[in-house]
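final.cif (mmCIF, C-alpha atoms) appears below.
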data_work
#
loop_
_atom_site.label_atom_id
_atom_site.label_comp_id
_atom_site.auth_asym_id
_atom_site.auth_seq_id
_atom_site.Cartn_x
_atom_site.Cartn_y
_atom_site.Cartn_z
CA SER A 1 -4.19 3.25 -14.43
CA ILE A 2 -8.00 3.34 -14.34
CA ILE A 3 -8.04 0.44 -11.89
CA ASN A 4 -5.41 2.14 -9.72
CA ARG A 5 -7.54 5.31 -9.54
CA ALA A 6 -10.64 3.21 -8.85
CA ILE A 7 -8.92 1.89 -5.71
CA CYS A 8 -9.85 5.24 -4.13
CA LEU A 9 -13.51 4.40 -4.88
CA ASN A 10 -13.85 7.32 -7.29
CA ILE A 11 -17.26 6.55 -8.77
CA SER A 12 -16.45 8.08 -12.16
CA ASP A 13 -13.33 5.93 -12.49
CA VAL A 14 -15.25 2.80 -11.53
CA LEU A 15 -17.91 3.61 -14.13
CA LEU A 16 -15.23 4.26 -16.75
CA TRP A 17 -13.58 0.94 -15.88
CA LEU A 18 -16.94 -0.81 -16.19
CA SER A 19 -17.82 0.86 -19.52
CA ILE A 20 -14.48 -0.17 -21.05
CA LEU A 21 -15.04 -3.78 -20.03
CA TYR A 22 -18.57 -3.73 -21.43
CA GLN A 23 -17.25 -2.35 -24.72
CA GLY A 24 -14.78 -5.21 -24.76
CA MET A 25 -17.57 -7.71 -24.10
CA LYS A 26 -19.58 -6.21 -26.95
CA LEU A 27 -16.67 -6.49 -29.39
CA SER A 28 -15.70 -9.95 -28.13
CA PRO A 29 -18.85 -11.53 -26.64
CA HIS A 30 -17.18 -14.92 -26.15
CA SER A 31 -14.17 -13.58 -24.24
CA TYR A 32 -13.85 -15.36 -20.89
CA THR A 33 -11.48 -12.70 -19.53
CA PHE A 34 -13.89 -9.79 -19.98
CA LYS A 35 -16.69 -11.68 -18.21
CA LEU A 36 -14.30 -12.49 -15.39
CA GLU A 37 -12.90 -8.98 -14.99
CA VAL A 38 -16.30 -7.25 -15.12
CA LEU A 39 -17.32 -8.88 -11.83
CA GLU A 40 -15.18 -6.58 -9.67
CA PRO A 41 -16.54 -3.17 -10.79
CA LEU A 42 -20.09 -4.56 -10.79
CA ARG A 43 -19.54 -5.74 -7.26
CA ALA A 44 -18.10 -2.39 -6.20
CA LEU A 45 -21.24 -0.67 -7.52
CA CYS A 46 -23.54 -3.33 -5.96
CA LEU A 47 -24.92 -4.19 -9.42
CA ILE A 48 -25.48 -7.79 -8.46
CA GLU A 49 -27.97 -8.89 -11.12
CA PRO A 50 -25.60 -8.00 -14.01
CA ALA A 51 -22.80 -9.68 -12.06
CA VAL A 52 -24.86 -12.87 -11.69
CA ASN A 53 -25.66 -12.79 -15.41
CA ALA A 54 -21.98 -12.34 -16.28
CA PHE A 55 -21.00 -15.18 -13.94
CA ASN A 56 -23.65 -17.53 -15.35
CA SER A 57 -22.63 -16.67 -18.93
CA MET A 58 -19.13 -18.03 -18.22
CA GLY A 59 -20.51 -21.56 -18.64
CA ILE A 60 -19.20 -22.76 -15.31
CA LYS A 61 -19.74 -26.48 -14.77
CA HIS A 62 -18.45 -29.60 -13.04
CA VAL A 63 -15.50 -28.90 -10.70
CA GLN A 64 -15.58 -25.17 -11.51
CA VAL A 65 -18.87 -24.97 -9.60
CA ASP A 66 -16.68 -25.43 -6.51
CA SER A 67 -13.38 -23.83 -7.50
CA LEU A 68 -14.81 -20.60 -9.03
CA SER A 69 -17.75 -20.00 -6.71
CA TYR A 70 -15.60 -17.59 -4.66
CA LEU A 71 -16.05 -15.08 -7.50
CA ILE A 72 -19.78 -14.66 -6.86
CA ILE A 73 -20.61 -15.90 -3.34
CA PRO A 74 -19.23 -12.92 -1.33
CA MET A 75 -21.19 -10.31 -3.31
CA LEU A 76 -24.43 -12.31 -3.02
CA TRP A 77 -23.95 -12.50 0.75
CA GLU A 78 -23.01 -8.86 1.33
CA CYS A 79 -25.87 -7.50 -0.83
CA GLY A 80 -28.60 -9.78 0.51
CA PHE A 81 -29.24 -11.84 -2.64
CA PHE A 82 -30.02 -14.88 -0.50
CA THR A 83 -32.12 -16.71 -3.11
CA GLU A 84 -29.23 -16.66 -5.60
CA LEU A 85 -26.75 -17.52 -2.83
CA ARG A 86 -28.88 -20.51 -1.80
CA GLN A 87 -28.89 -21.72 -5.41
CA GLN A 88 -25.10 -21.45 -5.61
CA TYR A 89 -24.78 -23.57 -2.47
CA LEU A 90 -27.24 -26.14 -3.85
CA ASN A 91 -25.16 -26.31 -7.04
CA ILE A 92 -21.97 -26.91 -5.02
CA ILE A 93 -23.57 -29.68 -2.97
CA ALA A 94 -25.11 -31.25 -6.11
CA PHE A 95 -21.69 -31.32 -7.80
CA HIS A 96 -20.04 -33.02 -4.84
CA THR A 97 -22.85 -35.56 -4.54
CA SER A 98 -22.58 -36.41 -8.23
CA ALA A 99 -18.77 -36.45 -8.16
CA ALA A 100 -18.69 -38.84 -5.18
CA ARG A 101 -21.02 -41.26 -6.96
CA ASP A 102 -19.26 -41.14 -10.32
CA THR A 103 -15.76 -41.30 -8.85
CA ALA A 104 -16.63 -44.39 -6.78
CA GLU A 105 -17.77 -46.16 -9.96
CA ASN A 106 -14.61 -45.14 -11.83
CA MET A 107 -12.38 -46.30 -8.96
CA THR A 108 -14.02 -49.73 -9.10
CA ARG A 109 -13.48 -49.83 -12.86
CA CYS A 110 -9.80 -48.91 -12.39
CA PHE A 111 -9.29 -51.88 -10.06
CA LYS A 112 -10.92 -54.25 -12.52
CA THR A 113 -8.70 -53.06 -15.38
CA GLY A 114 -5.53 -52.86 -13.28
CA ASN A 115 -5.12 -49.09 -13.74
CA TYR A 116 -3.84 -48.47 -10.22
CA MET A 117 -2.22 -45.09 -10.93
CA LYS A 118 -5.56 -43.73 -12.08
CA TYR A 119 -7.14 -45.20 -8.95
CA LEU A 120 -4.71 -43.24 -6.76
CA GLU A 121 -5.45 -40.08 -8.73
CA LEU A 122 -9.19 -40.54 -8.24
CA ARG A 123 -8.73 -41.24 -4.53
CA ARG A 124 -6.82 -37.97 -4.19
CA PHE A 125 -9.66 -36.20 -6.01
CA VAL A 126 -12.19 -37.67 -3.55
CA GLU A 127 -10.11 -36.47 -0.59
CA LEU A 128 -9.97 -32.95 -2.03
CA CYS A 129 -13.73 -32.93 -2.60
CA ASN A 130 -14.57 -34.20 0.88
CA LYS A 131 -12.40 -31.52 2.51
CA SER A 132 -13.37 -28.67 0.19
CA THR A 133 -13.68 -25.30 1.92
CA GLN A 134 -16.53 -24.31 -0.42
CA LEU A 135 -18.46 -27.50 0.35
CA ALA A 136 -18.09 -26.87 4.08
CA LEU A 137 -19.25 -23.27 3.61
CA ALA A 138 -22.27 -24.41 1.60
CA LYS A 139 -23.30 -26.97 4.21
CA SER A 140 -22.79 -24.46 7.04
CA GLU A 141 -24.71 -21.51 5.59
CA LEU A 142 -27.40 -23.34 3.62
CA PRO A 143 -29.44 -24.17 6.77
CA LEU A 144 -29.57 -20.47 7.68
CA LEU A 145 -30.65 -19.60 4.14
CA GLU A 146 -33.33 -22.29 4.29
CA LEU A 147 -34.74 -20.62 7.40
CA ILE A 148 -34.77 -17.27 5.58
CA GLU A 149 -36.06 -18.38 2.19
CA ARG A 150 -38.98 -20.60 3.13
CA PRO A 151 -41.46 -20.34 6.00
CA CYS A 152 -41.15 -23.13 8.55
CA ASP A 153 -42.33 -23.84 12.05
CA ALA A 154 -40.15 -24.75 15.05
CA LYS A 155 -40.20 -28.48 14.29
CA GLU A 156 -39.03 -27.98 10.72
CA ALA A 157 -36.34 -25.55 11.89
CA LEU A 158 -35.11 -28.14 14.39
CA ILE A 159 -34.75 -30.75 11.65
CA ILE A 160 -32.82 -28.32 9.45
CA LEU A 161 -30.43 -27.26 12.24
CA GLN A 162 -29.86 -30.79 13.54
CA ASN A 163 -28.33 -31.79 10.20
CA VAL A 164 -25.48 -29.26 10.48
CA VAL A 165 -21.99 -30.70 11.02
CA TYR A 166 -20.38 -29.04 14.05
CA ASP A 167 -16.70 -30.02 13.66
CA ASP A 168 -13.84 -27.53 13.97
CA GLY A 169 -13.01 -27.56 10.24
CA THR A 170 -9.24 -27.74 10.81
CA ASP A 171 -8.66 -30.29 8.02
CA LEU A 172 -10.31 -28.29 5.24
CA ILE A 173 -8.48 -27.81 1.93
CA ASP A 174 -8.60 -24.65 -0.16
CA THR A 175 -9.84 -25.80 -3.60
CA MET A 176 -10.44 -22.33 -5.07
CA ASP A 177 -8.80 -21.55 -8.41
CA TYR A 178 -7.10 -18.19 -7.83
CA GLU A 179 -4.78 -18.52 -10.84
CA LEU A 180 -7.65 -17.90 -13.26
CA ILE A 181 -7.47 -14.15 -12.55
CA ILE A 182 -4.65 -12.44 -14.44
CA ARG A 183 -2.59 -10.33 -12.03
CA THR A 184 0.03 -7.85 -13.19
CA ASP A 185 0.11 -5.58 -10.12
CA LEU A 186 0.94 -8.18 -7.48
CA SER A 187 4.19 -9.94 -6.55
CA ILE A 188 4.16 -13.69 -6.01
CA SER A 189 4.57 -13.28 -2.24
CA ASP A 190 1.76 -10.71 -2.02
CA GLU A 191 -0.44 -12.92 -4.18
CA LYS A 192 0.07 -15.80 -1.74
CA LYS A 193 -0.81 -13.48 1.16
CA GLU A 194 -4.00 -12.36 -0.55
CA ASN A 195 -5.08 -15.94 -1.32
CA LYS A 196 -4.32 -16.94 2.26
CA LEU A 197 -6.46 -14.05 3.51
CA ARG A 198 -9.37 -15.15 1.33
CA ASN A 199 -9.10 -18.67 2.73
CA ILE A 200 -8.97 -17.41 6.32
CA GLN A 201 -12.09 -15.33 5.76
CA TYR A 202 -13.97 -18.32 4.37
CA ARG A 203 -12.91 -20.47 7.32
CA ASN A 204 -14.09 -17.78 9.73
CA ARG A 205 -17.46 -17.64 7.96
CA ILE A 206 -17.77 -21.42 8.29
CA SER A 207 -17.03 -21.28 12.02
CA TRP A 208 -19.43 -18.37 12.51
CA SER A 209 -22.28 -20.05 10.61
CA ARG A 210 -21.89 -23.31 12.49
CA VAL A 211 -21.98 -21.60 15.87
CA VAL A 212 -25.05 -19.56 14.81
CA CYS A 213 -26.80 -22.81 13.87
CA ARG A 214 -25.80 -24.40 17.17
CA THR A 215 -27.04 -21.36 19.09
CA LEU A 216 -30.39 -21.32 17.28
CA LEU A 217 -30.74 -25.07 17.86
CA ALA A 218 -30.21 -24.58 21.61
CA VAL A 219 -32.76 -21.76 21.62
CA LEU A 220 -35.38 -23.89 19.86
CA GLN A 221 -34.71 -26.71 22.32
CA LEU A 222 -35.11 -24.18 25.17
CA ASP A 223 -31.62 -25.09 26.38
CA LEU A 224 -30.71 -21.64 27.70
CA PRO A 225 -27.33 -22.55 29.28
CA GLU A 226 -26.13 -24.03 25.98
CA ALA A 227 -27.59 -21.09 24.04
CA LYS A 228 -25.76 -18.56 26.21
CA SER A 229 -22.52 -20.56 26.00
CA SER A 230 -22.80 -20.71 22.19
CA LEU A 231 -23.57 -16.99 22.08
CA ASP A 232 -20.37 -16.26 24.01
CA ALA A 233 -18.45 -18.46 21.56
CA LEU A 234 -20.05 -16.52 18.71
CA ALA A 235 -18.88 -13.22 20.19
CA ASP A 236 -15.34 -14.62 20.51
CA ILE A 237 -15.31 -15.63 16.84
CA GLN A 238 -16.48 -12.17 15.79
CA ASP A 239 -13.80 -10.47 17.90
CA LYS A 240 -11.21 -12.71 16.26
CA MET A 241 -12.51 -11.87 12.79
CA LYS A 242 -12.52 -8.12 13.45
CA SER A 243 -8.93 -8.21 14.74
CA GLN A 244 -7.67 -10.29 11.80
CA ASP A 245 -4.60 -8.89 10.12
CA GLN A 246 -5.36 -7.40 6.70
CA LEU A 247 -3.29 -6.47 3.69
CA PRO A 248 -2.80 -2.75 2.94
CA LEU A 249 -5.76 -1.15 1.19
CA ASN A 250 -3.60 0.16 -1.65
CA LEU A 251 -2.11 -3.24 -2.44
CA ARG A 252 -4.74 -4.25 -4.96
CA TRP A 253 -8.29 -3.41 -5.98
CA SER A 254 -9.60 -6.83 -4.95
CA GLN A 255 -8.18 -6.24 -1.47
CA GLN A 256 -10.37 -3.14 -1.23
CA ILE A 257 -13.31 -5.39 -2.06
CA ILE A 258 -12.25 -7.96 0.54
CA ASN A 259 -12.03 -5.30 3.24
CA GLY A 260 -15.47 -4.11 2.18
CA ASP A 261 -16.71 -7.66 2.72
CA ASP A 262 -15.45 -7.50 6.29
CA ARG A 263 -17.42 -4.33 7.02
CA GLY A 264 -20.57 -5.81 5.51
CA ASN A 265 -20.08 -9.09 7.36
CA ASP A 266 -19.51 -7.25 10.64
CA ILE A 267 -22.91 -5.56 10.31
CA ILE A 268 -24.70 -8.82 9.48
CA MET A 269 -23.01 -10.65 12.34
CA ASP A 270 -23.65 -7.93 14.91
CA VAL A 271 -27.36 -7.82 14.01
CA THR A 272 -27.57 -11.63 14.19
CA VAL A 273 -25.95 -11.78 17.62
CA ASP A 274 -28.15 -8.98 18.98
CA PHE A 275 -31.26 -10.68 17.64
CA ILE A 276 -30.36 -14.04 19.23
CA ARG A 277 -29.45 -12.35 22.49
CA HIS A 278 -32.87 -10.71 22.71
CA ILE A 279 -34.59 -14.01 21.91
CA ILE A 280 -32.70 -15.66 24.77
CA GLN A 281 -33.67 -12.83 27.10
CA LEU A 282 -37.28 -13.18 26.02
CA ILE A 283 -37.32 -16.92 26.73
CA GLY A 284 -35.44 -16.50 29.99
CA ASN A 285 -37.80 -13.85 31.35
CA GLU A 286 -41.18 -14.84 32.74
CA CYS A 287 -44.02 -13.30 30.77
CA ASP A 288 -47.34 -13.43 32.57
CA SER A 289 -49.51 -12.24 29.67
CA GLU A 290 -49.69 -12.02 25.91
CA GLU A 291 -49.21 -8.26 26.16
CA SER A 292 -45.90 -8.67 27.96
CA VAL A 293 -44.67 -11.10 25.31
CA ILE A 294 -45.58 -8.63 22.54
CA LYS A 295 -43.91 -5.82 24.46
CA LYS A 296 -40.69 -7.84 24.85
CA CYS A 297 -40.69 -8.73 21.16
CA ASN A 298 -41.10 -5.09 20.20
CA GLU A 299 -38.29 -4.08 22.55
CA GLY A 300 -36.04 -6.73 20.99
CA ILE A 301 -36.87 -5.62 17.44
CA ASN A 302 -36.29 -1.95 18.29
CA ALA A 303 -33.00 -2.76 19.99
CA VAL A 304 -31.79 -4.70 16.94
#
Now, as a test, write the supplied structure out as structure tokens.
Amino acid sequence: SIINRAICLNISDVLLWLSILYQGMKLSPHSYTFKLEVLEPLRALCLIEPAVNAFNSMGIKHVQVDSLSYLIIPMLWECGFFTELRQQYLNIIAFHTSAARDTAENMTRCFKTGNYMKYLELRRFVELCNKSTQLALAKSELPLLELIERPCDAKEALIILQNVVYDDGTDLIDTMDYELIIRTDLSISDEKKENKLRNIQYRNRISWSRVVCRTLLAVLQLDLPEAKSSLDALADIQDKMKSQDQLPLNLRWSQQIINGDDRGNDIIMDVTVDFIRHIIQLIGNECDSEESVIKKCNEGINAV
């Protein structure tokens, strides 16, 4: 009942919900469920550092680095914890790199010992890893985080952006483990709808990030026609994301959080597009003096 009242974003109910979970964690410090459930109220209150600590204390390792990262990545993005988000993406990429190497060795060993069923199982695992939605998201957004987190000149930025894969992402596989969360307020059909919505949102973020990288790459290469074309494509993706069908707000607390993600993402995306648009205008306009360049920059910053 506390969670149901918290759906209305009543701050006192959210705090009560959080305090009960913390009492449970104190009485049962090794309980995985309490650590898992405490993430939602912490996220609703934008208490990201405690949420990161709770997530890290779950002892997540190996394949869970990929399948459970959806629990922490959205809140890091929406609250601007880009250093922690970058580390999560590096962990995902490191897992897949290690898994690809180890699995290849085990597949060879299976052939030598005649264990062909195990070989087929490992091959299926490799296919799932290569098409992981979380891996694609990490590779798409990590270049943007690299540009934010460490200073680099135009040449370094070009190298970072040129390594981005610009496919359409239609063959991606959802590898997230939604069944870990205990759900008593959701029918099986509604649960499938919610999981599908999560996956759609991640795919949209992948598409958006890739087009942003492509647009910035065109800007750095002074290819204005390509930059403007990519910017138009970026606007189309955002319109599609904003018009995406959503589940009713009162369906479940986590759906309230998901819809909140959309509002936060809309702001981030709108600012990004406006910023790139003003950069393109600045490059496209002839500036006959240093003062005019500074003036244009200031106009762009004020507009954003």
(message) Would you compute the distance between CA of Phe34 (chain A) and CA of Leu21 (chain A)? Give it in Å to one decimal.
(response) 6.1 Å
(message) Measuring between all atoms listed in the file, which one of A:Leu76, A:Asn195, A:Gln64, A:Lys26 shows the shortest distance to Tyr178 (chain A)?
(response) A:Asn195
(request) Do a neighbour search on region 158-167 of chain A at 7 Å with all atoms listed in the file, toss out local chain neighbours closer than 4 positions, and write the hits as a VMD selection string. (result) chain A and resid 140 143 154 210 213 217 220
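Separating CA of Glu105 (chain A) from CA of Ile93 (chain A) is a distance of 18.8 Å.
The coordinates place CA of Val273 (chain A) at 16.9 Å from CA of Asp223 (chain A).
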(message) I'd like the neighbourhood of Thr83 (chain A) as a PyMOL selection string, where a residue qualifies if any of its atoms comes within 9 Å (using only C-alpha atoms), though same-chain residues fewer than 5 positions away should be ignored.
(response) chain A and resi 76+88+145+149
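Applied to this file, the PyMOL selection byres ((chain A and resi 180) around 12) selects the residues Tyr32, Thr33, Leu36, Glu37, Gln64, Ser67, Leu68, Tyr70, Leu71, Met176, Asp177, Tyr178, Glu179, Ile181, Ile182 and Arg183 of chain A.
Of the listed residues (A:Ala100, A:Ala227, A:Leu197, A:Leu90), A:Ala227 comes nearest to Val212 (chain A); the distances count all atoms listed in the file.
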Output of the PyMOL selection byres ((chain A and resi 46) around 12), listed as a PDB file with C-alpha atoms, keeping the file's coordinate frame:
ATOM      1  CA  VAL A  14     -15.250   2.800 -11.530  1.00  0.00           C
ATOM      2  CA  LEU A  39     -17.320  -8.880 -11.830  1.00  0.00           C
ATOM      3  CA  GLU A  40     -15.180  -6.580  -9.670  1.00  0.00           C
ATOM      4  CA  PRO A  41     -16.540  -3.170 -10.790  1.00  0.00           C
ATOM      5  CA  LEU A  42     -20.090  -4.560 -10.790  1.00  0.00           C
ATOM      6  CA  ARG A  43     -19.540  -5.740  -7.260  1.00  0.00           C
ATOM      7  CA  ALA A  44     -18.100  -2.390  -6.200  1.00  0.00           C
ATOM      8  CA  LEU A  45     -21.240  -0.670  -7.520  1.00  0.00           C
ATOM      9  CA  LEU A  47     -24.920  -4.190  -9.420  1.00  0.00           C
ATOM     10  CA  ILE A  48     -25.480  -7.790  -8.460  1.00  0.00           C
ATOM     11  CA  GLU A  49     -27.970  -8.890 -11.120  1.00  0.00           C
ATOM     12  CA  PRO A  50     -25.600  -8.000 -14.010  1.00  0.00           C
ATOM     13  CA  ALA A  51     -22.800  -9.680 -12.060  1.00  0.00           C
ATOM     14  CA  VAL A  52     -24.860 -12.870 -11.690  1.00  0.00           C
ATOM     15  CA  ILE A  72     -19.780 -14.660  -6.860  1.00  0.00           C
ATOM     16  CA  PRO A  74     -19.230 -12.920  -1.330  1.00  0.00           C
ATOM     17  CA  MET A  75     -21.190 -10.310  -3.310  1.00  0.00           C
ATOM     18  CA  LEU A  76     -24.430 -12.310  -3.020  1.00  0.00           C
ATOM     19  CA  TRP A  77     -23.950 -12.500   0.750  1.00  0.00           C
ATOM     20  CA  GLU A  78     -23.010  -8.860   1.330  1.00  0.00           C
ATOM     21  CA  CYS A  79     -25.870  -7.500  -0.830  1.00  0.00           C
ATOM     22  CA  GLY A  80     -28.600  -9.780   0.510  1.00  0.00           C
ATOM     23  CA  PHE A  81     -29.240 -11.840  -2.640  1.00  0.00           C
ATOM     24  CA  ILE A 257     -13.310  -5.390  -2.060  1.00  0.00           C
ATOM     25  CA  GLY A 260     -15.470  -4.110   2.180  1.00  0.00           C
ATOM     26  CA  ASP A 261     -16.710  -7.660   2.720  1.00  0.00           C
TER      27      ASP A 261
END
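Of the listed residues (A:Ile200, A:Leu222, A:Leu144, A:Ala136), A:Ala136 comes nearest to Ile92 (chain A); the distances count only C-alpha atoms.
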(request) List the residues selected by the PyMOL selection byres ((chain A and resi 129) around 12) in the file shown, writing them as a PyMOL selection string. (result) chain A and resi 62-67+92-93+95-101+103+122-128+130-136+172-176
(request) Considering all atoms listed in the file, state which residue in the set A:Arg203, A:Lys193, A:Arg198, A:Lys139 is at the smallest distance from Asp171 (chain A). (result) A:Arg203
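Minimum distance to Asn91 (chain A) across A:Thr113, A:Glu121, A:Ala138, A:Lys240 (counting all atoms listed in the file) occurs at A:Ala138.
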What would region 23-32 of chain A look like with all heavy atoms restored, written as a short mmCIF file (atom, residue, chain, number, x, y, z; two decimals), in the coordinates of the input?
data_model
loop_
_atom_site.label_atom_id
_atom_site.label_comp_id
_atom_site.auth_asym_id
_atom_site.auth_seq_id
_atom_site.Cartn_x
_atom_site.Cartn_y
_atom_site.Cartn_z
N GLN A 23 -17.58 -2.53 -23.31
CA GLN A 23 -17.25 -2.35 -24.72
C GLN A 23 -16.45 -3.55 -25.24
O GLN A 23 -16.67 -4.02 -26.36
CB GLN A 23 -16.46 -1.06 -24.92
CG GLN A 23 -17.29 0.21 -24.74
CD GLN A 23 -16.44 1.48 -24.86
OE1 GLN A 23 -15.34 1.43 -25.39
NE2 GLN A 23 -16.95 2.57 -24.35
N GLY A 24 -15.54 -4.02 -24.39
CA GLY A 24 -14.78 -5.21 -24.76
C GLY A 24 -15.66 -6.43 -24.91
O GLY A 24 -15.48 -7.23 -25.84
N MET A 25 -16.64 -6.58 -24.01
CA MET A 25 -17.57 -7.71 -24.10
C MET A 25 -18.43 -7.62 -25.35
O MET A 25 -18.79 -8.64 -25.96
CB MET A 25 -18.45 -7.75 -22.85
CG MET A 25 -17.71 -8.11 -21.58
SD MET A 25 -18.72 -7.95 -20.08
CE MET A 25 -19.97 -9.19 -20.39
N LYS A 26 -18.77 -6.39 -25.75
CA LYS A 26 -19.58 -6.21 -26.95
C LYS A 26 -18.80 -6.57 -28.20
O LYS A 26 -19.34 -7.19 -29.14
CB LYS A 26 -20.06 -4.75 -27.03
CG LYS A 26 -21.02 -4.47 -28.17
CD LYS A 26 -21.50 -3.02 -28.13
CE LYS A 26 -22.48 -2.74 -29.28
NZ LYS A 26 -22.97 -1.32 -29.24
N LEU A 27 -17.51 -6.19 -28.24
CA LEU A 27 -16.67 -6.49 -29.39
C LEU A 27 -16.25 -7.97 -29.41
O LEU A 27 -16.05 -8.54 -30.50
CB LEU A 27 -15.43 -5.60 -29.39
CG LEU A 27 -15.69 -4.10 -29.58
CD1 LEU A 27 -14.40 -3.31 -29.39
CD2 LEU A 27 -16.27 -3.83 -30.97
N SER A 28 -16.11 -8.54 -28.22
CA SER A 28 -15.70 -9.95 -28.13
C SER A 28 -16.61 -10.67 -27.14
O SER A 28 -16.24 -10.92 -25.99
CB SER A 28 -14.24 -10.02 -27.67
OG SER A 28 -13.79 -11.36 -27.60
N PRO A 29 -17.84 -10.99 -27.56
CA PRO A 29 -18.85 -11.53 -26.64
C PRO A 29 -18.49 -12.90 -26.05
O PRO A 29 -19.07 -13.29 -25.03
CB PRO A 29 -20.10 -11.64 -27.52
CG PRO A 29 -19.59 -11.68 -28.92
CD PRO A 29 -18.36 -10.84 -28.93
N HIS A 30 -17.55 -13.60 -26.66
CA HIS A 30 -17.18 -14.92 -26.15
C HIS A 30 -15.90 -14.89 -25.31
O HIS A 30 -15.39 -15.95 -24.93
CB HIS A 30 -17.02 -15.91 -27.30
CG HIS A 30 -18.25 -16.06 -28.15
ND1 HIS A 30 -19.41 -16.63 -27.66
CD2 HIS A 30 -18.51 -15.70 -29.43
CE1 HIS A 30 -20.33 -16.63 -28.61
NE2 HIS A 30 -19.82 -16.06 -29.69
N SER A 31 -15.40 -13.70 -25.03
CA SER A 31 -14.17 -13.58 -24.24
C SER A 31 -14.43 -13.93 -22.78
O SER A 31 -15.24 -13.30 -22.11
CB SER A 31 -13.61 -12.15 -24.34
OG SER A 31 -12.56 -11.96 -23.42
N TYR A 32 -13.72 -14.93 -22.28
CA TYR A 32 -13.85 -15.36 -20.89
C TYR A 32 -13.26 -14.31 -19.95
O TYR A 32 -13.79 -14.07 -18.87
CB TYR A 32 -13.12 -16.69 -20.72
CG TYR A 32 -13.59 -17.51 -19.53
CD1 TYR A 32 -14.71 -18.31 -19.61
CD2 TYR A 32 -12.88 -17.48 -18.33
CE1 TYR A 32 -15.13 -19.08 -18.53
CE2 TYR A 32 -13.29 -18.24 -17.25
CZ TYR A 32 -14.42 -19.03 -17.35
OH TYR A 32 -14.84 -19.77 -16.28
#
